[in-house]
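Asks: Here you go, one structure.
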Amino acid sequence: MLGMGKDQWIKFSLNRSYENPYPERELEIYLRPKHTSSVVDWKTAARHVAEDIHESYNNLYVAMSGGIDSEFVAKTFFDLGIPFKPIIFRVSDLNALDIWWAFKWCRDNKIEPVVVDVPIEDWVTRILSISRKYCCRVSVVNGSMSFINDYVIAHGGNLVTGAGFIEYFPDENLDYMTTRSYTWKDSAVHNADGTSKKGYLMHEPDLIQQLSYPTMPFNFLSWTPEIVLSYVYHRDMALDSAANKAKIMNCLPRPKNMGVPGYFFTLHPRASQWVSIKNGIGTTECAYLGTREELLTVLTNGVGNA
């Protein structure tokens, strides 16, 4: 199996193919910590990740989507005095609402971001190319990230992002995985009777990101077992993910970052091809990792979740 994170501690496999578009296990992700971890406060865990990445990689760029995750990564480097360049992807005005937050953070902190502007048609072409190459259901994020990675590679840099976050389900921010036009439920996070599993998951785009750019330290928020353990331990189970992120990461609350509106992909003649690809392969866009208690056991004992 392939790996991501420090010492490749997160093992994964994307098993879907056009020859076998519905394998029994479409996405497999296993947490395989190499040692036990102790619970530390969130800020300490993030500092350890930032210092480790800074020690191992130079010329850092932080992709800023406008969401809390990427803002927190940038804020951590900034507060520690670790040099980096914010980089923002813009496709016409389709994602203007989201990236407003990223530009605001850069203005507030007097940092000039790199802006990667991409024509809509080039972006749609890239999305379709990635979907076809990896036989994946979700390629919109990866399409955007590919242009950022192209820029960073051309400038001899290393890209860090807020991707790779291990999320809790069910949650109102992940309602699209429960029902999309009342016809689709993600099979990885639902039982056979249709009821929701309750636990943590990782998303398909994280696997595609690692497969596409394996040398980049992209998954800051799951770089080490320690930072995952800290978030799982400190998450208030009475609050949703948006409230938890704002509280734990000490960032202003905001709408869940959703990128380009969904209706674009039904109205744009070529973008609708992506929907056709998506509807013809697979039944899941994530891998279920386990309950809160199971993850705490895995991470504190260093036993692995499979």
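Ligands are numbered from 1 in the order shown, residues from 1 within each chain, and chains are lettered A, B, ... in the order they appear in the structure tokens.
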Return as JSON, numbers by chain the full set of residues in range 94-296 of chain A whose backbone-based DSSP assignment is alpha helix (DSSP H).

Replies: {"A": [96, 97, 98, 99, 100, 101, 102, 103, 104, 105, 106, 107, 108, 120, 121, 122, 123, 124, 125, 126, 127, 128, 129, 130, 131, 132, 133, 134, 140, 141, 142, 143, 144, 145, 146, 147, 148, 149, 150, 151, 152, 153, 154, 204, 205, 206, 207, 208, 209, 210, 211, 212, 225, 226, 227, 228, 229, 230, 231, 232, 233, 234, 241, 242, 243, 244, 245, 246, 247, 248, 264, 265, 266, 267, 271, 272, 273, 274, 275, 276, 277, 278, 279, 292, 293, 294, 295, 296]}

Asks: Go through range 221-303 of chain A residue by residue and, counting only C-alpha atoms, keep those with an atom at most 8 Å from range 62-69 of chain A; for each kept residue give the shortest atom pair and its distance in Å to one decimal, ordered by chain and increasing number, as JSON lines.

Replies:
```
{"residue": "A:Leu221", "atom": "CA", "partner": "A:Asp69", "partner_atom": "CA", "distance": 8.0}
{"residue": "A:Lys245", "atom": "CA", "partner": "A:Ile68", "partner_atom": "CA", "distance": 7.0}
{"residue": "A:Ala246", "atom": "CA", "partner": "A:Ile68", "partner_atom": "CA", "distance": 7.2}
{"residue": "A:Met249", "atom": "CA", "partner": "A:Ile68", "partner_atom": "CA", "distance": 7.7}
{"residue": "A:Cys251", "atom": "CA", "partner": "A:Ile68", "partner_atom": "CA", "distance": 6.4}
{"residue": "A:Leu252", "atom": "CA", "partner": "A:Ile68", "partner_atom": "CA", "distance": 7.7}
{"residue": "A:Pro253", "atom": "CA", "partner": "A:Ile68", "partner_atom": "CA", "distance": 7.7}
{"residue": "A:Arg254", "atom": "CA", "partner": "A:Gly67", "partner_atom": "CA", "distance": 7.8}
{"residue": "A:Lys256", "atom": "CA", "partner": "A:Gly67", "partner_atom": "CA", "distance": 7.0}
{"residue": "A:Asn257", "atom": "CA", "partner": "A:Gly67", "partner_atom": "CA", "distance": 5.3}
```

Asks: Given the choices A:Val152, A:Val189, A:Val140, A:Val260, which gets closest to Leu60 in chain A if the distance is worked out from only C-alpha atoms?

Replies: A:Val152

Asks: Which residue is closest to Ile227 in chain A? Choose from A:Val39, A:Ala242, A:Ile153, A:Leu128 and count only C-alpha atoms.

Replies: A:Val39

Asks: Find the residue from A:Pro205, A:Pro269, A:Pro33, A:Pro261 that sits nearest to Val141 in chain A; use only C-alpha atoms when measuring.

Replies: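 Under the stated criterion, the closest residue is A:Pro205.
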